[in-house]
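Enquirer: My structure file protein22.pdb, PDB, C-alpha atoms and all ligand atoms, is below:
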MODEL        1
ATOM      1  CA  MET A   1     175.978   0.672 143.217  1.00  0.00           C
ATOM      2  CA  LYS A   2     175.221  -3.044 143.443  1.00  0.00           C
ATOM      3  CA  ILE A   3     172.112  -4.156 141.608  1.00  0.00           C
ATOM      4  CA  GLY A   4     170.479  -7.538 142.237  1.00  0.00           C
ATOM      5  CA  VAL A   5     167.734  -9.170 140.193  1.00  0.00           C
ATOM      6  CA  TYR A   6     165.280 -11.442 142.003  1.00  0.00           C
ATOM      7  CA  PRO A   7     163.542 -13.534 139.337  1.00  0.00           C
ATOM      8  CA  GLY A   8     160.596 -15.839 139.926  1.00  0.00           C
ATOM      9  CA  THR A   9     157.064 -16.731 138.992  1.00  0.00           C
ATOM     10  CA  PHE A  10     155.474 -15.198 142.122  1.00  0.00           C
ATOM     11  CA  ASP A  11     152.167 -16.994 141.574  1.00  0.00           C
ATOM     12  CA  PRO A  12     151.318 -15.380 143.953  1.00  0.00           C
ATOM     13  CA  VAL A  13     153.903 -13.520 146.027  1.00  0.00           C
ATOM     14  CA  THR A  14     154.156 -14.928 149.586  1.00  0.00           C
ATOM     15  CA  GLN A  15     155.658 -13.731 152.866  1.00  0.00           C
ATOM     16  CA  GLY A  16     158.610 -15.981 152.000  1.00  0.00           C
ATOM     17  CA  HIS A  17     159.323 -13.939 148.867  1.00  0.00           C
ATOM     18  CA  THR A  18     158.887 -10.678 150.803  1.00  0.00           C
ATOM     19  CA  ASP A  19     161.309 -11.933 153.451  1.00  0.00           C
ATOM     20  CA  ILE A  20     163.933 -12.622 150.775  1.00  0.00           C
ATOM     21  CA  ILE A  21     163.412  -9.181 149.190  1.00  0.00           C
ATOM     22  CA  GLY A  22     163.940  -7.524 152.595  1.00  0.00           C
ATOM     23  CA  ARG A  23     167.113  -9.499 153.214  1.00  0.00           C
ATOM     24  CA  SER A  24     168.454  -8.781 149.734  1.00  0.00           C
ATOM     25  CA  LEU A  25     168.318  -5.036 150.493  1.00  0.00           C
ATOM     26  CA  ARG A  26     171.012  -5.610 153.112  1.00  0.00           C
ATOM     27  CA  VAL A  27     173.320  -6.820 150.376  1.00  0.00           C
ATOM     28  CA  PHE A  28     172.270  -4.799 147.302  1.00  0.00           C
ATOM     29  CA  ASP A  29     171.716  -1.066 146.780  1.00  0.00           C
ATOM     30  CA  ARG A  30     168.911  -1.718 144.332  1.00  0.00           C
ATOM     31  CA  VAL A  31     166.775  -4.816 143.851  1.00  0.00           C
ATOM     32  CA  ILE A  32     164.738  -5.513 140.738  1.00  0.00           C
ATOM     33  CA  VAL A  33     162.046  -8.142 141.196  1.00  0.00           C
ATOM     34  CA  ALA A  34     161.641  -9.741 137.767  1.00  0.00           C
ATOM     35  CA  VAL A  35     158.286 -11.467 137.488  1.00  0.00           C
ATOM     36  CA  ALA A  36     158.633 -14.171 134.865  1.00  0.00           C
ATOM     37  CA  LEU A  37     155.923 -14.981 132.333  1.00  0.00           C
ATOM     38  CA  ASN A  38     156.706 -18.695 132.759  1.00  0.00           C
ATOM     39  CA  PRO A  39     153.860 -20.201 130.709  1.00  0.00           C
ATOM     40  CA  SER A  40     155.219 -23.719 131.278  1.00  0.00           C
ATOM     41  CA  LYS A  41     154.218 -23.414 134.963  1.00  0.00           C
ATOM     42  CA  ARG A  42     150.630 -22.544 133.929  1.00  0.00           C
ATOM     43  CA  PRO A  43     150.298 -19.762 136.515  1.00  0.00           C
ATOM     44  CA  LEU A  44     146.964 -19.163 138.237  1.00  0.00           C
ATOM     45  CA  PHE A  45     147.403 -15.374 137.926  1.00  0.00           C
ATOM     46  CA  ASP A  46     148.356 -13.677 134.692  1.00  0.00           C
ATOM     47  CA  LEU A  47     151.591 -11.725 134.452  1.00  0.00           C
ATOM     48  CA  ALA A  48     150.038  -8.285 135.030  1.00  0.00           C
ATOM     49  CA  GLU A  49     148.264  -9.493 138.180  1.00  0.00           C
ATOM     50  CA  ARG A  50     151.434 -11.079 139.559  1.00  0.00           C
ATOM     51  CA  VAL A  51     153.409  -7.869 138.933  1.00  0.00           C
ATOM     52  CA  GLU A  52     150.647  -5.823 140.595  1.00  0.00           C
ATOM     53  CA  MET A  53     150.680  -8.017 143.718  1.00  0.00           C
ATOM     54  CA  VAL A  54     154.480  -7.840 144.069  1.00  0.00           C
ATOM     55  CA  LYS A  55     154.258  -4.044 143.667  1.00  0.00           C
ATOM     56  CA  LEU A  56     151.626  -3.950 146.392  1.00  0.00           C
ATOM     57  CA  VAL A  57     153.670  -5.910 148.941  1.00  0.00           C
ATOM     58  CA  THR A  58     156.854  -3.918 148.232  1.00  0.00           C
ATOM     59  CA  LYS A  59     155.292  -0.458 148.016  1.00  0.00           C
ATOM     60  CA  ASN A  60     156.913   0.688 151.274  1.00  0.00           C
ATOM     61  CA  LEU A  61     160.367  -0.589 150.380  1.00  0.00           C
ATOM     62  CA  ALA A  62     162.721   1.971 148.909  1.00  0.00           C
ATOM     63  CA  HIS A  63     165.172   0.757 146.263  1.00  0.00           C
ATOM     64  CA  VAL A  64     162.919  -2.060 145.053  1.00  0.00           C
ATOM     65  CA  GLU A  65     161.498  -2.099 141.528  1.00  0.00           C
ATOM     66  CA  VAL A  66     159.138  -4.644 140.045  1.00  0.00           C
ATOM     67  CA  GLU A  67     159.028  -5.534 136.369  1.00  0.00           C
ATOM     68  CA  ALA A  68     157.578  -8.191 134.100  1.00  0.00           C
ATOM     69  CA  PHE A  69     160.185 -10.371 132.473  1.00  0.00           C
ATOM     70  CA  ASP A  70     160.225 -12.837 129.610  1.00  0.00           C
ATOM     71  CA  GLY A  71     163.358 -14.214 128.024  1.00  0.00           C
ATOM     72  CA  LEU A  72     166.865 -15.168 128.948  1.00  0.00           C
ATOM     73  CA  LEU A  73     167.846 -14.149 132.483  1.00  0.00           C
ATOM     74  CA  VAL A  74     171.481 -13.302 131.686  1.00  0.00           C
ATOM     75  CA  GLU A  75     170.286 -11.031 128.886  1.00  0.00           C
ATOM     76  CA  TYR A  76     167.990  -9.261 131.350  1.00  0.00           C
ATOM     77  CA  LEU A  77     170.906  -8.808 133.772  1.00  0.00           C
ATOM     78  CA  ARG A  78     173.054  -7.308 131.042  1.00  0.00           C
ATOM     79  CA  GLN A  79     170.286  -4.896 130.007  1.00  0.00           C
ATOM     80  CA  HIS A  80     169.828  -3.736 133.605  1.00  0.00           C
ATOM     81  CA  THR A  81     173.572  -3.565 134.368  1.00  0.00           C
ATOM     82  CA  ALA A  82     172.888  -5.876 137.295  1.00  0.00           C
ATOM     83  CA  HIS A  83     175.579  -7.734 139.214  1.00  0.00           C
ATOM     84  CA  ALA A  84     173.846 -10.792 140.566  1.00  0.00           C
ATOM     85  CA  VAL A  85     170.802 -13.036 140.575  1.00  0.00           C
ATOM     86  CA  ILE A  86     169.071 -13.399 143.939  1.00  0.00           C
ATOM     87  CA  ARG A  87     167.366 -16.681 144.800  1.00  0.00           C
ATOM     88  CA  GLY A  88     165.838 -18.017 147.978  1.00  0.00           C
ATOM     89  CA  LEU A  89     166.769 -21.403 149.411  1.00  0.00           C
ATOM     90  CA  ARG A  90     164.193 -23.004 151.648  1.00  0.00           C
ATOM     91  CA  ALA A  91     165.427 -26.524 152.095  1.00  0.00           C
ATOM     92  CA  ILE A  92     167.744 -29.095 150.624  1.00  0.00           C
ATOM     93  CA  ALA A  93     164.949 -29.908 148.173  1.00  0.00           C
ATOM     94  CA  ASP A  94     165.537 -26.536 146.447  1.00  0.00           C
ATOM     95  CA  PHE A  95     169.252 -27.077 146.137  1.00  0.00           C
ATOM     96  CA  GLU A  96     169.580 -29.321 143.109  1.00  0.00           C
ATOM     97  CA  TYR A  97     167.378 -27.218 140.832  1.00  0.00           C
ATOM     98  CA  GLU A  98     168.947 -23.968 142.037  1.00  0.00           C
ATOM     99  CA  LEU A  99     172.473 -25.312 141.524  1.00  0.00           C
ATOM    100  CA  GLN A 100     171.583 -26.331 137.967  1.00  0.00           C
ATOM    101  CA  MET A 101     170.111 -22.897 137.184  1.00  0.00           C
ATOM    102  CA  ALA A 102     173.057 -21.049 138.736  1.00  0.00           C
ATOM    103  CA  LEU A 103     175.582 -23.117 136.801  1.00  0.00           C
ATOM    104  CA  ILE A 104     173.804 -22.853 133.457  1.00  0.00           C
ATOM    105  CA  ASN A 105     173.524 -19.083 133.913  1.00  0.00           C
ATOM    106  CA  ARG A 106     177.235 -18.911 134.734  1.00  0.00           C
ATOM    107  CA  LYS A 107     178.010 -20.944 131.631  1.00  0.00           C
ATOM    108  CA  LEU A 108     175.915 -18.535 129.552  1.00  0.00           C
ATOM    109  CA  ASP A 109     177.593 -15.483 131.069  1.00  0.00           C
ATOM    110  CA  ASN A 110     180.436 -15.645 133.551  1.00  0.00           C
ATOM    111  CA  ASN A 111     180.070 -11.992 134.582  1.00  0.00           C
ATOM    112  CA  PHE A 112     177.263 -12.609 137.061  1.00  0.00           C
ATOM    113  CA  GLU A 113     176.998 -14.410 140.372  1.00  0.00           C
ATOM    114  CA  THR A 114     173.954 -16.081 141.915  1.00  0.00           C
ATOM    115  CA  VAL A 115     173.421 -15.201 145.555  1.00  0.00           C
ATOM    116  CA  PHE A 116     171.301 -17.476 147.768  1.00  0.00           C
ATOM    117  CA  LEU A 117     169.498 -16.134 150.790  1.00  0.00           C
ATOM    118  CA  MET A 118     167.769 -18.184 153.478  1.00  0.00           C
ATOM    119  CA  PRO A 119     164.355 -17.072 154.685  1.00  0.00           C
ATOM    120  CA  SER A 120     163.277 -16.823 158.283  1.00  0.00           C
ATOM    121  CA  GLU A 121     162.471 -20.361 159.575  1.00  0.00           C
ATOM    122  CA  GLU A 122     158.779 -19.511 159.786  1.00  0.00           C
ATOM    123  CA  TYR A 123     158.658 -19.163 156.007  1.00  0.00           C
ATOM    124  CA  SER A 124     160.970 -22.018 155.161  1.00  0.00           C
ATOM    125  CA  TYR A 125     158.092 -24.356 154.284  1.00  0.00           C
ATOM    126  CA  LEU A 126     156.091 -21.824 152.257  1.00  0.00           C
ATOM    127  CA  THR A 127     155.592 -22.266 148.546  1.00  0.00           C
ATOM    128  CA  SER A 128     153.127 -20.561 146.227  1.00  0.00           C
ATOM    129  CA  SER A 129     151.766 -24.027 145.354  1.00  0.00           C
ATOM    130  CA  ILE A 130     150.988 -25.023 148.942  1.00  0.00           C
ATOM    131  CA  ILE A 131     149.259 -21.692 149.491  1.00  0.00           C
ATOM    132  CA  LYS A 132     147.061 -22.239 146.447  1.00  0.00           C
ATOM    133  CA  GLU A 133     146.217 -25.673 147.796  1.00  0.00           C
ATOM    134  CA  VAL A 134     145.333 -24.383 151.284  1.00  0.00           C
ATOM    135  CA  GLY A 135     143.353 -21.481 149.796  1.00  0.00           C
ATOM    136  CA  GLY A 136     141.465 -23.823 147.476  1.00  0.00           C
ATOM    137  CA  LEU A 137     140.415 -25.900 150.466  1.00  0.00           C
ATOM    138  CA  GLY A 138     139.244 -22.835 152.391  1.00  0.00           C
ATOM    139  CA  GLY A 139     142.131 -22.654 154.914  1.00  0.00           C
ATOM    140  CA  SER A 140     143.311 -19.414 156.502  1.00  0.00           C
ATOM    141  CA  LEU A 141     146.020 -17.636 154.503  1.00  0.00           C
ATOM    142  CA  LYS A 142     146.691 -14.805 156.914  1.00  0.00           C
ATOM    143  CA  ASP A 143     150.126 -15.955 158.056  1.00  0.00           C
ATOM    144  CA  PHE A 144     151.335 -16.687 154.544  1.00  0.00           C
ATOM    145  CA  VAL A 145     150.380 -13.844 152.210  1.00  0.00           C
ATOM    146  CA  HIS A 146     149.448 -10.144 152.291  1.00  0.00           C
ATOM    147  CA  PRO A 147     145.701  -9.688 153.040  1.00  0.00           C
ATOM    148  CA  GLU A 148     145.007  -8.274 149.577  1.00  0.00           C
ATOM    149  CA  VAL A 149     146.770 -11.264 148.000  1.00  0.00           C
ATOM    150  CA  ALA A 150     144.687 -13.573 150.213  1.00  0.00           C
ATOM    151  CA  ASP A 151     141.475 -11.872 148.963  1.00  0.00           C
ATOM    152  CA  ARG A 152     142.505 -12.230 145.359  1.00  0.00           C
ATOM    153  CA  LEU A 153     143.423 -15.860 145.904  1.00  0.00           C
ATOM    154  CA  ARG A 154     140.091 -16.623 147.532  1.00  0.00           C
ATOM    155  CA  GLN A 155     138.227 -14.962 144.666  1.00  0.00           C
ATOM    156  CA  ARG A 156     140.241 -16.834 142.071  1.00  0.00           C
ATOM    157  CA  LEU A 157     139.963 -20.189 143.805  1.00  0.00           C
ATOM    158  CA  ARG A 158     136.301 -19.921 144.748  1.00  0.00           C
ATOM    159  CA  ARG A 159     134.661 -23.087 143.630  1.00  0.00           C
ATOM    160  CA  PRO A 160     131.470 -22.653 141.590  1.00  0.00           C
ATOM    161  CA  SER A 161     129.445 -24.536 144.209  1.00  0.00           C
ATOM    162  CA  ALA A 162     130.934 -22.642 147.211  1.00  0.00           C
TER     163      ALA A 162
HETATM  164  P1  LIG B   1     160.412 -19.997 140.341  1.00  0.00           P
HETATM  165  O1  LIG B   1     159.327 -20.472 139.432  1.00  0.00           O
HETATM  166  O2  LIG B   1     161.462 -19.207 139.647  1.00  0.00           O
HETATM  167  O3  LIG B   1     160.998 -21.042 141.259  1.00  0.00           O
HETATM  168  P2  LIG B   1     159.082 -18.867 142.617  1.00  0.00           P
HETATM  169  O4  LIG B   1     158.173 -17.687 142.646  1.00  0.00           O
HETATM  170  O5  LIG B   1     158.488 -20.171 143.014  1.00  0.00           O
HETATM  171  O6  LIG B   1     159.677 -18.896 141.200  1.00  0.00           O
HETATM  172  O7  LIG B   1     160.341 -18.569 143.527  1.00  0.00           O
HETATM  173  C1  LIG B   1     161.243 -17.536 143.249  1.00  0.00           C
HETATM  174  C2  LIG B   1     162.435 -17.670 144.158  1.00  0.00           C
HETATM  175  O8  LIG B   1     162.012 -17.445 145.503  1.00  0.00           O
HETATM  176  C3  LIG B   1     163.088 -19.050 144.159  1.00  0.00           C
HETATM  177  O9  LIG B   1     164.468 -18.881 144.351  1.00  0.00           O
HETATM  178  C4  LIG B   1     162.473 -19.723 145.338  1.00  0.00           C
HETATM  179  O10 LIG B   1     163.320 -20.726 145.865  1.00  0.00           O
HETATM  180  C5  LIG B   1     162.351 -18.550 146.300  1.00  0.00           C
HETATM  181  N1  LIG B   1     161.313 -18.764 147.301  1.00  0.00           N
HETATM  182  C6  LIG B   1     160.018 -19.038 147.114  1.00  0.00           C
HETATM  183  N2  LIG B   1     159.365 -19.186 148.283  1.00  0.00           N
HETATM  184  C7  LIG B   1     160.305 -18.975 149.245  1.00  0.00           C
HETATM  185  C8  LIG B   1     160.293 -19.027 150.678  1.00  0.00           C
HETATM  186  N3  LIG B   1     159.202 -19.331 151.363  1.00  0.00           N
HETATM  187  N4  LIG B   1     161.440 -18.782 151.317  1.00  0.00           N
HETATM  188  C9  LIG B   1     162.564 -18.518 150.625  1.00  0.00           C
HETATM  189  N5  LIG B   1     162.656 -18.487 149.298  1.00  0.00           N
HETATM  190  C10 LIG B   1     161.545 -18.701 148.610  1.00  0.00           C
ENDMDL
END
What does this structure look like when you write it as structure tokens?
Ligand code: ADP
Expert:
Amino acid sequence: MKIGVYPGTFDPVTQGHTDIIGRSLRVFDRVIVAVALNPSKRPLFDLAERVEMVKLVTKNLAHVEVEAFDGLLVEYLRQHTAHAVIRGLRAIADFEYELQMALINRKLDNNFETVFLMPSEEYSYLTSSIIKEVGGLGGSLKDFVHPEVADRLRQRLRRPSA
């Protein structure tokens, strides 16, 4: 039974994240999406909302669980008897940061691997930040996020004068 943990901020979850979750199920028997508190990123949505949205977009996927997470990732992996961290790689720009995280986690605990998955090309330019920017300017979000996530984003980003 191979268990993978997919950690991230998911502020909010995008089709790119969902694509990675789907692909990870080809490699792992069980996938735990660990939604990180991450206060340093000053998320637009609070932790409970982010967890709720990831649960919504994964509700039809068997063998996926979604949990809030705060703390040291390797500790979380140990507690969940997981085997690997799952991360998505969009472009070369992601590589340096991801390499640093993978190597520091390995230094902290050599029992886990980090597995990188590439999204479908159509999602390779998607980030939660760009979606918040497009949504804030009133652009269509339908190709990027689940419709319910798009509604929540629009509500949250609605400018007082709009
Ligand atoms: P973090 O704050 O941990 O980077 P994110 O929610 O931004 O959290 O991303 C979580 C993981 O998902 C990261 O590995 C990130 O590279 C990956 N990811 C985000 N968007 C995409 C996408 N469009 N395609 C593939 N991977 C993605």
Enquirer: Neighbours of Arg90 in chain A within 12 Å (all atoms listed in the file; same-chain residues fewer than 5 positions away dropped), as a PyMOL selection string?
Expert: chain A and resi 16-17+19-20+95-96+98+116-127
Enquirer: Suppose a student applies the PyMOL selection byres (((chain A and resi 38) around 12) and not hetatm) to this structure; what residues should they get, written as a PyMOL selection string?
Expert: chain A and resi 7-11+34-37+39-47+50+68-72
Enquirer: Can those selected residues be exported to a file as a compact mmCIF listing (two decimals), keeping the file's coordinate frame so that it contains C-alpha atoms?
Expert:
# COMPACT_ATOMS: atom_id res chain seq x y z
CA PRO A 7 163.54 -13.53 139.34
CA GLY A 8 160.60 -15.84 139.93
CA THR A 9 157.06 -16.73 138.99
CA PHE A 10 155.47 -15.20 142.12
CA ASP A 11 152.17 -16.99 141.57
CA ALA A 34 161.64 -9.74 137.77
CA VAL A 35 158.29 -11.47 137.49
CA ALA A 36 158.63 -14.17 134.86
CA LEU A 37 155.92 -14.98 132.33
CA PRO A 39 153.86 -20.20 130.71
CA SER A 40 155.22 -23.72 131.28
CA LYS A 41 154.22 -23.41 134.96
CA ARG A 42 150.63 -22.54 133.93
CA PRO A 43 150.30 -19.76 136.51
CA LEU A 44 146.96 -19.16 138.24
CA PHE A 45 147.40 -15.37 137.93
CA ASP A 46 148.36 -13.68 134.69
CA LEU A 47 151.59 -11.72 134.45
CA ARG A 50 151.43 -11.08 139.56
CA ALA A 68 157.58 -8.19 134.10
CA PHE A 69 160.18 -10.37 132.47
CA ASP A 70 160.22 -12.84 129.61
CA GLY A 71 163.36 -14.21 128.02
CA LEU A 72 166.86 -15.17 128.95
Enquirer: With the file shown as input, list the residues that the PyMOL selection byres (((chain A and resi 108) around 12) and not hetatm) selects, as a list in words.
Expert: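 When the PyMOL selection byres (((chain A and resi 108) around 12) and not hetatm) is applied, the selected residues are Leu72, Leu73, Val74, Glu75, Leu77, Arg78, Met101, Ala102, Leu103, Ile104, Asn105, Arg106, Lys107, Asp109, Asn110, Asn111, Phe112 and Glu113 of chain A.
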Enquirer: So which one's closest to Ser24 in chain A, A:Ala48, A:Leu89, A:Val115, A:Met53? Using all atoms listed in the file, please.
Expert: A:Val115
Enquirer: Using only C-alpha atoms and all ligand atoms, pick whichever of A:Lys142, A:Arg23, A:His80, A:Arg156 has the shortest atom-to-atom distance to ligand LIG 1 (chain B).
Expert: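 The closest residue to ligand LIG 1 (chain B) is A:Arg23.
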Enquirer: What does the PyMOL selection byres (((chain A and resi 150) around 12) and not hetatm) select in this file, as a PDB file with C-alpha atoms, in the coordinates of the input?
Expert:
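Resulting contents of out19.pdb:
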ATOM      1  CA  ASP A  11     152.167 -16.994 141.574  1.00  0.00           C
ATOM      2  CA  PRO A  12     151.318 -15.380 143.953  1.00  0.00           C
ATOM      3  CA  VAL A  13     153.903 -13.520 146.027  1.00  0.00           C
ATOM      4  CA  THR A  14     154.156 -14.928 149.586  1.00  0.00           C
ATOM      5  CA  GLN A  15     155.658 -13.731 152.866  1.00  0.00           C
ATOM      6  CA  MET A  53     150.680  -8.017 143.718  1.00  0.00           C
ATOM      7  CA  VAL A  57     153.670  -5.910 148.941  1.00  0.00           C
ATOM      8  CA  SER A 128     153.127 -20.561 146.227  1.00  0.00           C
ATOM      9  CA  ILE A 131     149.259 -21.692 149.491  1.00  0.00           C
ATOM     10  CA  LYS A 132     147.061 -22.239 146.447  1.00  0.00           C
ATOM     11  CA  VAL A 134     145.333 -24.383 151.284  1.00  0.00           C
ATOM     12  CA  GLY A 135     143.353 -21.481 149.796  1.00  0.00           C
ATOM     13  CA  GLY A 136     141.465 -23.823 147.476  1.00  0.00           C
ATOM     14  CA  GLY A 138     139.244 -22.835 152.391  1.00  0.00           C
ATOM     15  CA  GLY A 139     142.131 -22.654 154.914  1.00  0.00           C
ATOM     16  CA  SER A 140     143.311 -19.414 156.502  1.00  0.00           C
ATOM     17  CA  LEU A 141     146.020 -17.636 154.503  1.00  0.00           C
ATOM     18  CA  LYS A 142     146.691 -14.805 156.914  1.00  0.00           C
ATOM     19  CA  ASP A 143     150.126 -15.955 158.056  1.00  0.00           C
ATOM     20  CA  PHE A 144     151.335 -16.687 154.544  1.00  0.00           C
ATOM     21  CA  VAL A 145     150.380 -13.844 152.210  1.00  0.00           C
ATOM     22  CA  HIS A 146     149.448 -10.144 152.291  1.00  0.00           C
ATOM     23  CA  PRO A 147     145.701  -9.688 153.040  1.00  0.00           C
ATOM     24  CA  GLU A 148     145.007  -8.274 149.577  1.00  0.00           C
ATOM     25  CA  VAL A 149     146.770 -11.264 148.000  1.00  0.00           C
ATOM     26  CA  ASP A 151     141.475 -11.872 148.963  1.00  0.00           C
ATOM     27  CA  ARG A 152     142.505 -12.230 145.359  1.00  0.00           C
ATOM     28  CA  LEU A 153     143.423 -15.860 145.904  1.00  0.00           C
ATOM     29  CA  ARG A 154     140.091 -16.623 147.532  1.00  0.00           C
ATOM     30  CA  GLN A 155     138.227 -14.962 144.666  1.00  0.00           C
ATOM     31  CA  ARG A 156     140.241 -16.834 142.071  1.00  0.00           C
ATOM     32  CA  LEU A 157     139.963 -20.189 143.805  1.00  0.00           C
ATOM     33  CA  ARG A 158     136.301 -19.921 144.748  1.00  0.00           C
TER      34      ARG A 158
END
